[in-house]
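Shown next: start_36.csv, containing CSV, C-alpha atoms.
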chain,number,residue,atom,x,y,z
I,1,MET,CA,186.0,137.2,72.4
I,2,GLU,CA,187.7,140.1,74.0
I,3,LEU,CA,185.0,140.2,76.6
I,4,LEU,CA,185.2,136.5,77.3
I,5,ASN,CA,189.0,136.8,77.7
I,6,ASN,CA,188.6,139.7,80.1
I,7,LEU,CA,186.2,137.6,82.2
I,8,GLY,CA,188.7,134.8,82.3
I,9,ILE,CA,186.7,132.4,80.2
I,10,ASN,CA,188.9,130.0,78.5
I,11,GLY,CA,187.7,127.3,76.2
I,12,SER,CA,189.9,124.5,77.4
I,13,LEU,CA,189.4,125.4,81.0
I,14,LEU,CA,185.6,125.5,80.5
I,15,LEU,CA,185.7,122.1,78.9
I,16,ALA,CA,187.9,120.8,81.7
I,17,GLN,CA,185.3,122.0,84.2
I,18,LEU,CA,182.5,120.5,82.3
I,19,ILE,CA,184.1,117.1,82.2
I,20,ASN,CA,185.1,117.5,85.8
I,21,PHE,CA,181.6,118.2,86.9
I,22,GLY,CA,180.3,115.3,84.7
I,23,ILE,CA,182.7,112.9,86.4
I,24,LEU,CA,181.7,114.2,89.8
I,25,LEU,CA,178.0,113.7,89.0
I,26,PHE,CA,178.6,110.2,87.8
I,27,VAL,CA,180.6,109.2,90.8
I,28,LEU,CA,178.2,110.7,93.2
I,29,TYR,CA,175.3,109.0,91.5
I,30,LYS,CA,177.0,105.7,91.4
I,31,PHE,CA,178.6,105.6,94.8
I,32,ALA,CA,176.6,108.0,97.0
I,33,PHE,CA,173.0,108.7,95.9
I,34,GLY,CA,172.1,105.4,94.5
I,35,PRO,CA,173.2,103.3,97.5
I,36,VAL,CA,172.0,105.9,100.0
I,37,LEU,CA,168.6,106.2,98.4
I,38,LYS,CA,168.3,102.5,98.1
I,39,MET,CA,169.3,102.1,101.8
I,40,LEU,CA,166.7,104.7,102.8
I,41,GLU,CA,164.1,102.8,100.8
I,42,ASP,CA,165.1,99.5,102.3
I,43,ARG,CA,164.9,100.9,105.8
I,44,THR,CA,161.5,102.4,105.1
I,45,LYS,CA,160.3,99.0,103.9
I,46,LYS,CA,161.8,97.2,106.8
I,47,ILE,CA,160.2,99.6,109.3
I,48,GLU,CA,156.9,99.3,107.6
I,49,LYS,CA,157.1,95.5,107.7
I,50,GLY,CA,158.1,95.6,111.3
I,51,LEU,CA,155.1,97.8,112.2
I,52,LYS,CA,152.9,95.5,110.2
I,53,ASP,CA,154.3,92.5,111.9
I,54,ALA,CA,153.9,94.1,115.3
I,55,GLU,CA,150.2,94.8,114.5
I,56,ALA,CA,149.6,91.3,113.3
I,57,SER,CA,151.2,89.8,116.4
I,58,HIS,CA,149.1,92.1,118.5
I,59,LYS,CA,146.0,90.9,116.8
I,60,LYS,CA,147.0,87.3,117.2
I,61,LEU,CA,147.8,87.8,120.8
I,62,ALA,CA,144.3,89.3,121.4
I,63,GLU,CA,142.8,86.4,119.5
I,64,ILE,CA,144.7,83.9,121.5
I,65,SER,CA,143.8,85.5,124.8
I,66,GLU,CA,140.2,85.5,123.7
I,67,LYS,CA,140.4,81.9,122.8
I,68,GLU,CA,142.1,81.2,126.1
I,69,SER,CA,139.3,82.8,128.1
I,70,ALA,CA,136.7,80.9,126.0
I,71,VAL,CA,138.6,77.6,126.7
I,72,LEU,CA,138.7,78.5,130.4
I,73,VAL,CA,135.0,79.1,130.5
I,74,GLU,CA,134.3,75.9,128.8
I,75,ALA,CA,136.7,74.0,131.1
I,76,ARG,CA,134.9,75.5,134.1
I,77,VAL,CA,131.5,74.5,132.8
I,78,GLN,CA,132.8,71.0,132.0
I,79,ALA,CA,134.3,70.7,135.5
I,80,GLN,CA,131.1,71.7,137.1
I,81,GLU,CA,129.2,69.2,135.0
I,82,ILE,CA,131.7,66.5,136.0
I,83,ILE,CA,131.4,67.4,139.7
I,84,LYS,CA,127.6,67.4,139.4
I,85,LYS,CA,127.6,64.0,137.7
I,86,ALA,CA,129.9,62.6,140.3
I,87,GLU,CA,127.7,63.9,143.1
I,88,ASP,CA,124.6,62.4,141.5
I,89,MET,CA,126.4,59.2,141.0
I,90,ALA,CA,127.5,59.2,144.6
I,91,VAL,CA,124.1,59.9,145.9
I,92,THR,CA,122.5,57.1,143.8
I,93,GLN,CA,125.2,54.7,144.8
I,94,ALA,CA,124.8,55.5,148.4
I,95,GLN,CA,121.1,55.0,148.2
I,96,SER,CA,121.6,51.7,146.4
I,97,ILE,CA,124.2,50.6,149.0
I,98,VAL,CA,121.9,51.5,151.8
I,99,LEU,CA,119.1,49.6,150.1
I,100,THR,CA,121.1,46.5,149.5
I,101,ALA,CA,122.5,46.6,153.0
I,102,ARG,CA,119.0,46.8,154.4
I,103,GLU,CA,117.8,44.0,152.1
I,104,GLN,CA,120.7,41.9,153.2
I,105,THR,CA,120.2,42.5,156.8
I,106,GLU,CA,116.5,41.7,156.4
I,107,LYS,CA,117.4,38.6,154.6
I,108,MET,CA,119.9,37.7,157.2
I,109,LEU,CA,117.4,38.4,159.9
I,110,ALA,CA,114.9,36.2,158.2
I,111,VAL,CA,117.4,33.4,157.8
I,112,ALA,CA,118.4,33.7,161.4
I,113,GLN,CA,114.8,33.7,162.6
I,114,LYS,CA,114.2,30.6,160.5
I,115,GLN,CA,117.2,28.9,161.9
I,116,ILE,CA,116.2,29.8,165.4
I,117,GLU,CA,112.7,28.5,164.8
I,118,GLN,CA,114.1,25.3,163.4
I,119,GLU,CA,116.5,24.9,166.2
I,120,LYS,CA,113.7,25.5,168.6
I,121,GLU,CA,111.6,22.9,166.9
I,122,LYS,CA,114.5,20.5,166.8
I,123,ILE,CA,115.3,21.0,170.4
I,124,LEU,CA,111.6,20.7,171.3
I,125,THR,CA,111.3,17.4,169.4
I,126,GLU,CA,114.5,16.2,171.0
I,127,VAL,CA,113.3,17.2,174.4
I,128,LYS,CA,110.0,15.5,173.7
I,129,LEU,CA,111.8,12.4,172.6
I,130,GLU,CA,114.0,12.5,175.7
I,131,VAL,CA,111.1,13.2,177.9
I,132,ALA,CA,109.3,10.3,176.3
I,133,GLY,CA,112.3,8.0,176.9
I,134,LEU,CA,112.5,9.3,180.4
I,135,VAL,CA,108.8,8.7,181.0
I,136,VAL,CA,109.1,5.3,179.5
I,137,MET,CA,111.9,4.5,181.8
I,138,ALA,CA,110.0,6.0,184.7
I,139,THR,CA,106.9,4.1,183.9
I,140,GLU,CA,108.9,1.0,183.3
I,141,LYS,CA,110.5,1.4,186.6
I,142,ILE,CA,107.2,2.2,188.2
I,143,ILE,CA,105.2,-0.6,186.6
I,144,HIS,CA,108.1,-3.0,186.1
I,145,GLU,CA,106.5,-4.3,183.3
I,146,LYS,CA,107.1,-3.7,179.8
I,147,LEU,CA,104.3,-3.1,177.6
I,148,ASP,CA,104.3,-3.6,174.0
I,149,SER,CA,106.9,-1.1,172.9
I,150,THR,CA,104.8,0.5,170.2
I,151,LYS,CA,101.7,0.6,172.2
I,152,ASP,CA,103.7,2.1,175.0
I,153,LYS,CA,105.1,4.9,172.8
I,154,GLU,CA,101.7,5.8,171.6
I,155,LEU,CA,100.4,5.9,175.0
I,156,ILE,CA,103.2,8.2,176.1
I,157,SER,CA,102.9,10.5,173.3
I,158,GLN,CA,99.2,10.8,174.0
I,159,ILE,CA,100.0,11.6,177.6
I,160,ILE,CA,102.6,14.2,176.8
I,161,LYS,CA,100.4,16.0,174.4
U,162,MET,CA,197.3,143.6,96.4
U,163,GLU,CA,196.2,142.5,93.0
U,164,ILE,CA,192.7,141.4,92.3
U,165,SER,CA,192.1,139.7,89.0
U,166,LEU,CA,188.7,138.9,87.5
U,167,ALA,CA,190.1,135.9,85.8
U,168,PRO,CA,191.6,133.0,87.7
U,169,GLU,CA,195.4,133.3,88.0
U,170,ILE,CA,197.5,130.8,86.1
U,171,ILE,CA,199.9,129.0,88.4
U,172,PHE,CA,201.7,127.0,85.7
U,173,HIS,CA,201.2,125.5,82.3
U,174,MET,CA,200.9,121.9,81.5
U,175,GLY,CA,201.9,121.9,77.8
U,176,HIS,CA,199.4,124.4,76.4
U,177,PHE,CA,196.9,123.8,79.1
U,178,PRO,CA,196.9,126.5,81.7
U,179,ILE,CA,196.6,125.2,85.3
U,180,THR,CA,194.8,127.9,87.3
U,181,ASN,CA,194.4,128.1,91.0
U,182,SER,CA,190.6,127.7,90.7
U,183,LEU,CA,191.0,124.5,88.6
U,184,LEU,CA,193.3,123.2,91.3
U,185,MET,CA,190.7,123.9,93.9
U,186,THR,CA,188.0,122.3,91.7
U,187,LEU,CA,190.1,119.1,91.5
U,188,ILE,CA,190.7,119.2,95.3
U,189,VAL,CA,187.0,119.6,96.0
U,190,SER,CA,186.0,116.9,93.6
U,191,GLY,CA,188.6,114.6,95.1
U,192,ILE,CA,187.3,115.2,98.6
U,193,ILE,CA,183.7,114.5,97.5
U,194,ILE,CA,184.7,111.4,95.6
U,195,ILE,CA,186.7,110.0,98.5
U,196,ALA,CA,183.9,110.8,100.9
U,197,SER,CA,181.4,109.1,98.8
U,198,ILE,CA,183.6,106.0,98.4
U,199,VAL,CA,184.1,105.9,102.2
U,200,LEU,CA,180.4,106.3,102.6
U,201,ARG,CA,179.8,103.5,100.2
U,202,ARG,CA,182.1,101.1,102.0
U,203,ASN,CA,180.6,101.7,105.4
U,204,LEU,CA,176.9,101.8,104.4
U,205,THR,CA,174.8,99.9,107.0
U,206,LEU,CA,171.1,99.6,107.6
U,207,VAL,CA,171.6,101.0,111.0
U,208,PRO,CA,173.2,104.4,110.4
U,209,LYS,CA,176.2,105.6,112.3
U,210,GLY,CA,178.3,108.8,112.3
U,211,PHE,CA,179.0,110.1,108.8
U,212,GLN,CA,176.2,108.1,107.3
U,213,ASN,CA,173.8,109.8,109.7
U,214,ILE,CA,174.8,113.3,108.4
U,215,VAL,CA,174.5,112.2,104.8
U,216,GLU,CA,171.1,110.6,105.4
U,217,TYR,CA,169.9,113.7,107.1
U,218,VAL,CA,170.9,115.9,104.2
U,219,VAL,CA,169.6,113.4,101.7
U,220,GLU,CA,166.2,113.2,103.4
U,221,ALA,CA,166.0,117.0,103.7
U,222,PHE,CA,166.6,117.3,100.0
U,223,LEU,CA,164.2,114.5,99.2
U,224,GLY,CA,161.5,116.3,101.1
U,225,LEU,CA,162.4,119.6,99.5
U,226,ILE,CA,162.4,118.2,95.9
U,227,ASP,CA,159.2,116.3,96.6
U,228,SER,CA,157.5,119.4,97.7
U,229,VAL,CA,158.4,121.0,94.3
U,230,THR,CA,157.8,118.1,92.0
U,231,GLN,CA,154.8,116.5,93.8
U,232,ASN,CA,155.9,113.3,92.0
U,233,LYS,CA,158.1,110.5,93.3
U,234,GLU,CA,159.4,109.5,89.9
U,235,GLN,CA,160.5,113.0,89.0
U,236,THR,CA,162.1,113.4,92.4
U,237,LYS,CA,164.2,110.3,91.8
U,238,LYS,CA,165.3,111.7,88.4
U,239,PHE,CA,166.1,115.2,89.6
U,240,PHE,CA,167.7,114.3,92.9
U,241,PRO,CA,171.2,113.4,91.7
U,242,PHE,CA,171.6,116.6,89.7
U,243,VAL,CA,170.2,118.9,92.2
U,244,VAL,CA,172.2,117.5,95.2
U,245,THR,CA,175.4,117.1,93.3
U,246,ILE,CA,175.2,120.8,92.2
U,247,PHE,CA,174.4,121.8,95.8
U,248,ILE,CA,177.3,119.8,97.3
U,249,PHE,CA,179.8,120.9,94.7
U,250,VAL,CA,178.8,124.5,94.7
U,251,ILE,CA,178.7,124.9,98.5
U,252,LEU,CA,182.2,123.3,98.9
U,253,SER,CA,183.5,125.5,96.1
U,254,ASN,CA,182.0,128.5,97.8
U,255,TRP,CA,183.5,127.7,101.1
U,256,ILE,CA,187.1,127.4,99.8
U,257,GLU,CA,187.4,131.1,100.3
U,258,LEU,CA,187.0,130.6,104.1
U,259,VAL,CA,190.2,128.5,104.2
U,260,PRO,CA,193.0,130.4,105.8
U,261,GLY,CA,195.6,131.5,103.3
U,262,LEU,CA,193.2,133.2,100.9
U,263,GLY,CA,195.0,135.9,99.0
U,264,THR,CA,198.2,135.4,101.0
U,265,VAL,CA,199.7,132.1,100.3
U,266,GLY,CA,201.1,131.9,96.8
U,267,ILE,CA,204.0,132.4,94.6
U,268,ASN,CA,205.4,135.8,93.5
U,269,GLU,CA,205.6,136.4,89.8
U,270,VAL,CA,207.0,139.3,87.8
U,271,LYS,CA,204.5,140.7,85.5
U,272,ASP,CA,204.6,144.0,83.5
U,273,GLY,CA,207.7,145.1,85.5
U,274,HIS,CA,206.3,144.6,89.1
U,275,THR,CA,205.9,141.5,91.2
U,276,ILE,CA,202.5,140.3,92.0
U,277,LEU,CA,201.3,137.5,94.2
U,278,VAL,CA,199.7,134.5,92.5
U,279,PRO,CA,197.6,132.9,95.3
U,280,PHE,CA,197.0,129.2,95.4
U,281,ILE,CA,193.6,129.5,97.0
U,282,ARG,CA,190.7,130.8,95.0
U,283,SER,CA,187.1,129.7,95.3
U,284,ALA,CA,186.2,127.5,92.4
U,285,SER,CA,183.0,129.5,92.2
U,286,ALA,CA,185.0,132.7,91.8
U,287,ASP,CA,185.9,131.5,88.3
U,288,LEU,CA,183.5,132.0,85.5
U,289,ASN,CA,184.6,128.8,83.8
U,290,VAL,CA,183.3,126.8,86.7
U,291,THR,CA,180.0,128.6,87.2
U,292,LEU,CA,179.4,128.6,83.4
U,293,ALA,CA,180.1,124.9,83.2
U,294,ILE,CA,177.6,124.1,85.9
U,295,ALA,CA,175.1,126.5,84.4
U,296,LEU,CA,175.5,124.9,80.9
U,297,ILE,CA,175.0,121.4,82.4
U,298,SER,CA,172.0,122.5,84.4
U,299,VAL,CA,170.2,124.2,81.4
U,300,PHE,CA,171.1,121.6,78.9
U,301,THR,CA,170.0,118.8,81.2
U,302,ALA,CA,166.7,120.6,81.6
U,303,GLN,CA,166.2,120.6,77.9
U,304,PHE,CA,167.0,116.8,77.6
U,305,MET,CA,164.7,116.1,80.5
U,306,GLY,CA,161.9,118.0,78.9
U,307,ILE,CA,162.4,116.2,75.6
U,308,ALA,CA,162.5,112.8,77.4
U,309,ALA,CA,159.4,113.6,79.4
U,310,ILE,CA,157.0,115.0,76.9
U,311,GLY,CA,158.6,114.3,73.5
U,312,LEU,CA,160.6,116.4,71.1
U,313,ALA,CA,157.6,117.7,69.2
U,314,ARG,CA,155.7,118.9,72.2
U,315,TYR,CA,158.8,120.3,73.9
U,316,SER,CA,159.9,122.3,71.0
U,317,GLY,CA,156.3,123.5,70.6
U,318,LYS,CA,157.2,125.7,73.6
U,319,PHE,CA,159.8,127.6,71.5
U,320,PHE,CA,158.5,127.4,67.9
U,321,VAL,CA,154.9,128.6,67.5
U,322,ASN,CA,153.2,128.7,64.1
U,323,PRO,CA,152.5,132.4,63.4
U,324,PHE,CA,149.4,131.6,61.3
U,325,ARG,CA,147.5,129.9,64.1
U,326,LYS,CA,146.0,131.3,67.3
U,327,PRO,CA,147.4,133.3,69.1
U,328,TYR,CA,149.2,134.3,65.9
U,329,PHE,CA,152.3,136.5,66.2
U,330,ILE,CA,152.0,136.9,69.9
U,331,GLY,CA,152.6,133.1,70.3
U,332,THR,CA,155.6,133.2,68.0
U,333,PHE,CA,157.0,136.1,69.9
U,334,VAL,CA,156.5,134.4,73.2
U,335,GLY,CA,158.3,131.4,71.8
U,336,ILE,CA,161.3,133.6,70.8
U,337,LEU,CA,161.2,135.0,74.3
U,338,GLU,CA,161.4,131.5,75.7
U,339,ILE,CA,164.5,130.7,73.6
U,340,ILE,CA,166.1,133.9,74.8
U,341,SER,CA,165.2,133.1,78.4
U,342,GLU,CA,166.9,129.8,78.2
U,343,GLY,CA,170.1,131.6,77.2
U,344,ALA,CA,169.5,134.2,79.9
U,345,LYS,CA,169.3,131.4,82.4
U,346,ILE,CA,172.8,130.3,81.6
U,347,ILE,CA,174.1,133.9,82.0
U,348,SER,CA,172.1,134.6,85.2
U,349,PHE,CA,173.1,131.3,86.7
U,350,SER,CA,176.8,131.7,86.1
U,351,PHE,CA,177.1,135.4,86.8
U,352,ARG,CA,175.0,135.3,90.0
U,353,LEU,CA,177.2,132.7,91.6
U,354,PHE,CA,180.4,134.1,90.2
U,355,GLY,CA,179.5,137.6,91.3
U,356,ASN,CA,178.5,136.7,94.8
U,357,ILE,CA,181.5,134.5,95.5
U,358,PHE,CA,184.0,136.7,93.8
U,359,ALA,CA,182.7,139.8,95.6
U,360,GLY,CA,182.9,137.9,98.9
U,361,GLU,CA,186.5,136.9,98.2
U,362,VAL,CA,187.5,140.4,97.3
U,363,LEU,CA,185.7,141.6,100.5
U,364,LEU,CA,187.6,139.1,102.6
U,365,ILE,CA,190.9,140.0,101.1
U,366,VAL,CA,190.3,143.7,101.5
U,367,MET,CA,189.3,143.3,105.1
U,368,LEU,CA,192.3,141.1,105.8
U,369,ASN,CA,194.5,143.8,104.4
U,370,LEU,CA,192.9,146.7,106.2
U,371,VAL,CA,192.5,145.1,109.7
U,372,PRO,CA,194.1,141.7,110.0
U,373,TYR,CA,192.6,140.8,113.4
U,374,LEU,CA,189.1,140.2,114.6
U,375,VAL,CA,187.4,142.5,112.0
U,376,PRO,CA,187.3,139.8,109.2
U,377,VAL,CA,185.5,137.3,111.5
U,378,PRO,CA,182.0,138.7,111.0
U,379,PHE,CA,182.7,138.8,107.3
U,380,LEU,CA,183.8,135.2,107.4
U,381,LEU,CA,180.5,134.3,109.0
U,382,LEU,CA,178.7,136.4,106.4
U,383,GLU,CA,180.5,134.5,103.6
U,384,LEU,CA,179.7,131.2,105.2
U,385,PHE,CA,176.0,132.2,105.0
U,386,VAL,CA,176.3,133.6,101.4
U,387,GLY,CA,178.1,130.4,100.3
U,388,PHE,CA,175.2,128.3,101.6
U,389,VAL,CA,172.5,130.5,100.2
U,390,GLN,CA,174.1,130.7,96.8
U,391,ALA,CA,174.5,126.9,96.6
U,392,LEU,CA,170.9,126.5,97.7
U,393,VAL,CA,169.7,129.1,95.1
U,394,PHE,CA,171.6,127.4,92.4
U,395,ALA,CA,170.3,123.9,93.3
U,396,MET,CA,166.7,125.1,93.7
U,397,LEU,CA,166.6,127.1,90.5
U,398,THR,CA,167.9,124.0,88.7
U,399,LEU,CA,165.2,122.0,90.3
U,400,VAL,CA,162.5,124.5,89.3
U,401,PHE,CA,163.8,124.7,85.7
U,402,PHE,CA,163.8,120.9,85.5
U,403,LYS,CA,160.2,120.8,86.8
U,404,MET,CA,159.2,123.5,84.3
U,405,ALA,CA,160.8,121.6,81.5
U,406,VAL,CA,159.1,118.3,82.2
U,407,THR,CA,155.7,119.9,82.6
U,408,ALA,CA,153.6,119.9,79.4
U,409,HIS,CA,153.0,123.4,78.1
U,410,ASP,CA,149.4,124.1,77.2
U,411,HIS,CA,148.4,126.8,74.8
As structure tokens, how would this structure be written, given the file I've shared?
Amino acid sequence: MELLNNLGINGSLLLAQLINFGILLFVLYKFAFGPVLKMLEDRTKKIEKGLKDAEASHKKLAEISEKESAVLVEARVQAQEIIKKAEDMAVTQAQSIVLTAREQTEKMLAVAQKQIEQEKEKILTEVKLEVAGLVVMATEKIIHEKLDSTKDKELISQIIK
Amino acid sequence: MEISLAPEIIFHMGHFPITNSLLMTLIVSGIIIIASIVLRRNLTLVPKGFQNIVEYVVEAFLGLIDSVTQNKEQTKKFFPFVVTIFIFVILSNWIELVPGLGTVGINEVKDGHTILVPFIRSASADLNVTLAIALISVFTAQFMGIAAIGLARYSGKFFVNPFRKPYFIGTFVGILEIISEGAKIISFSFRLFGNIFAGEVLLIVMLNLVPYLVPVPFLLLELFVGFVQALVFAMLTLVFFKMAVTAHDH
């Protein structure tokens, strides 16, 4: 005890220091270490999540751009197909138009020719009739005598022919 | 100039002696508690200012303790003890650097001549303080050992049956283990006390011999010693904890 006294060790002081340190330990644990450690852990988690998210979005972006290029290629192919189809259609349509036009002209030509023919014939017959009348009149005048009208006509037509 | 191994009593509160080192302990504890409450209030996910410093220290210690324990669970369990000891001890050590050491105090008449009773005395320059922390450290190690590997296996480290292999050698080693636990308390408390008390005496002597400039390198030295002693105390505690929770194979 003498030694302890000389060293300044005192039971009540020692106890006070023990309790003091215990309180300090408790307070630090409760107010400083617990929250700080939790905060550090939270932050680590958050950063990890952020990194993971970034990676995921990177992947998704790559996927999307890949899809985009695929879509573009497909669109180009489709466009080319459509153009080709349109061209084909245009060609066939042009051909058919030309064809029908030719047909129509031919038809029209035929009709016109027929009409011309008919007209010609009609005119010819009219002319013949007129000529016949004229000849009748002329002969009447010349012979002053009227033959039997039917006989006369026959005669004239024979002559004209 | 009077240098006393025991802390000087400033006044009595009833029968309870209020010593200068007890006063310093309370001040240091108060500072730590206030700082931790301030920290708790301003804790944010994006660190700023004071929180940055604390986080830096905490992460450094986490890494250090992890490297010793190699186990996340144990790190979490040891961390509060080790870091509290470090913070408390380093601040207690650094009190001696505060201007006024050995000079500011009250004069008291003792044994016929007046002596100065200084207000400032490192808390670590009081065996009561160092012994208290050493006791807490060593006893906590025992409890942790029992909690981790069970009372029977833990006490098997100290009490070995002399009639089984390796017979009396094992028993003797067990007794040595018990003694070493006691020696830990003594070495813990006297190492810290000796270093800081000696530093304080050195500073007071230097201040009395050459008041200007000369004490400065010694102040820097004591700054370093205070840090090293706090680190040694914390690291030894950590190692003892680790040894206690590791199963002993015979």
9 Å contacts from chain I to chain U using only C-alpha atoms, as an MDAnalysis selection string: chainID I and resid 5:29 31:37 39:40 42:43
Expressed in Å, the length from atom CA of U:Asn181 to atom CA of U:Ser283 is 8.6 Å
Would you list the contacts of stretch 116-128 of chain I as a PyMOL selection string, taking every protein, DNA or RNA residue within 12 Å and counting all atoms listed in the file, but skipping same-chain residues closer than 6 positions in sequence? chain I and resi 108-110+134-136+153+156-161
Residue selection dump (C-alpha atoms) as a CSV table (one decimal), in the frame of the given file:
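Output file again.csv follows:
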chain,number,residue,atom,x,y,z
I,108,MET,CA,119.9,37.7,157.2
I,109,LEU,CA,117.4,38.4,159.9
I,110,ALA,CA,114.9,36.2,158.2
I,134,LEU,CA,112.5,9.3,180.4
I,135,VAL,CA,108.8,8.7,181.0
I,136,VAL,CA,109.1,5.3,179.5
I,153,LYS,CA,105.1,4.9,172.8
I,156,ILE,CA,103.2,8.2,176.1
I,157,SER,CA,102.9,10.5,173.3
I,158,GLN,CA,99.2,10.8,174.0
I,159,ILE,CA,100.0,11.6,177.6
I,160,ILE,CA,102.6,14.2,176.8
I,161,LYS,CA,100.4,16.0,174.4
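Straight-line separation from atom CA of U:Ile164 to atom CA of U:Gln390: 21.9 Å.
Take atom CA of U:His274 and atom CA of U:Ile365: the distance between them is 20.1 Å.
With all atoms listed in the file as the basis for measurement, U:Ile357 is the residue among U:Leu382, U:Ile171, U:Ala408, U:Ile357 that approaches U:Glu257 most closely.
Nearest-residue note for U:Val377: choosing from U:Phe401, U:Arg314, U:Leu258, U:Lys233, the minimum distance belongs to U:Leu258, counting all atoms listed in the file.
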Stretch 221-227 of chain U written out with all heavy atoms as a PDB file, in the first residue's frame:
ATOM      1  N   ALA U 221      -8.449   5.137 -41.692  1.00  0.00           N
ATOM      2  CA  ALA U 221      -7.073   4.687 -41.460  1.00  0.00           C
ATOM      3  C   ALA U 221      -7.064   3.593 -40.399  1.00  0.00           C
ATOM      4  O   ALA U 221      -6.414   2.556 -40.552  1.00  0.00           O
ATOM      5  CB  ALA U 221      -6.202   5.862 -41.030  1.00  0.00           C
ATOM      6  N   PHE U 222      -7.838   3.818 -39.322  1.00  0.00           N
ATOM      7  CA  PHE U 222      -7.880   2.820 -38.260  1.00  0.00           C
ATOM      8  C   PHE U 222      -8.575   1.548 -38.715  1.00  0.00           C
ATOM      9  O   PHE U 222      -8.156   0.445 -38.358  1.00  0.00           O
ATOM     10  CB  PHE U 222      -8.565   3.391 -37.008  1.00  0.00           C
ATOM     11  CG  PHE U 222      -7.586   3.949 -36.032  1.00  0.00           C
ATOM     12  CD1 PHE U 222      -7.355   5.304 -35.957  1.00  0.00           C
ATOM     13  CD2 PHE U 222      -6.869   3.104 -35.209  1.00  0.00           C
ATOM     14  CE1 PHE U 222      -6.431   5.813 -35.078  1.00  0.00           C
ATOM     15  CE2 PHE U 222      -5.955   3.600 -34.327  1.00  0.00           C
ATOM     16  CZ  PHE U 222      -5.733   4.966 -34.260  1.00  0.00           C
ATOM     17  N   LEU U 223      -9.634   1.707 -39.504  1.00  0.00           N
ATOM     18  CA  LEU U 223     -10.319   0.515 -40.018  1.00  0.00           C
ATOM     19  C   LEU U 223      -9.338  -0.346 -40.800  1.00  0.00           C
ATOM     20  O   LEU U 223      -9.290  -1.570 -40.630  1.00  0.00           O
ATOM     21  CB  LEU U 223     -11.475   0.926 -40.937  1.00  0.00           C
ATOM     22  CG  LEU U 223     -12.837   1.125 -40.291  1.00  0.00           C
ATOM     23  CD1 LEU U 223     -13.865   1.476 -41.348  1.00  0.00           C
ATOM     24  CD2 LEU U 223     -13.273  -0.128 -39.557  1.00  0.00           C
ATOM     25  N   GLY U 224      -8.542   0.296 -41.660  1.00  0.00           N
ATOM     26  CA  GLY U 224      -7.567  -0.448 -42.451  1.00  0.00           C
ATOM     27  C   GLY U 224      -6.533  -1.119 -41.554  1.00  0.00           C
ATOM     28  O   GLY U 224      -6.210  -2.298 -41.730  1.00  0.00           O
ATOM     29  N   LEU U 225      -6.067  -0.363 -40.561  1.00  0.00           N
ATOM     30  CA  LEU U 225      -5.038  -0.880 -39.651  1.00  0.00           C
ATOM     31  C   LEU U 225      -5.574  -2.086 -38.871  1.00  0.00           C
ATOM     32  O   LEU U 225      -4.919  -3.130 -38.776  1.00  0.00           O
ATOM     33  CB  LEU U 225      -4.637   0.244 -38.690  1.00  0.00           C
ATOM     34  CG  LEU U 225      -3.316   0.087 -37.956  1.00  0.00           C
ATOM     35  CD1 LEU U 225      -2.198   0.030 -38.965  1.00  0.00           C
ATOM     36  CD2 LEU U 225      -3.108   1.243 -37.010  1.00  0.00           C
ATOM     37  N   ILE U 226      -6.785  -1.939 -38.320  1.00  0.00           N
ATOM     38  CA  ILE U 226      -7.361  -3.024 -37.514  1.00  0.00           C
ATOM     39  C   ILE U 226      -7.670  -4.223 -38.398  1.00  0.00           C
ATOM     40  O   ILE U 226      -7.449  -5.367 -38.023  1.00  0.00           O
ATOM     41  CB  ILE U 226      -8.617  -2.519 -36.774  1.00  0.00           C
ATOM     42  CG1 ILE U 226      -8.230  -1.397 -35.803  1.00  0.00           C
ATOM     43  CG2 ILE U 226      -9.270  -3.644 -36.008  1.00  0.00           C
ATOM     44  CD1 ILE U 226      -9.394  -0.711 -35.163  1.00  0.00           C
ATOM     45  N   ASP U 227      -8.152  -3.939 -39.606  1.00  0.00           N
ATOM     46  CA  ASP U 227      -8.439  -5.027 -40.543  1.00  0.00           C
ATOM     47  C   ASP U 227      -7.184  -5.825 -40.850  1.00  0.00           C
ATOM     48  O   ASP U 227      -7.218  -7.047 -40.957  1.00  0.00           O
ATOM     49  CB  ASP U 227      -9.003  -4.452 -41.848  1.00  0.00           C
ATOM     50  CG  ASP U 227     -10.467  -4.803 -42.015  1.00  0.00           C
ATOM     51  OD1 ASP U 227     -10.948  -5.651 -41.230  1.00  0.00           O
ATOM     52  OD2 ASP U 227     -11.110  -4.254 -42.912  1.00  0.00           O
TER      53      ASP U 227
END
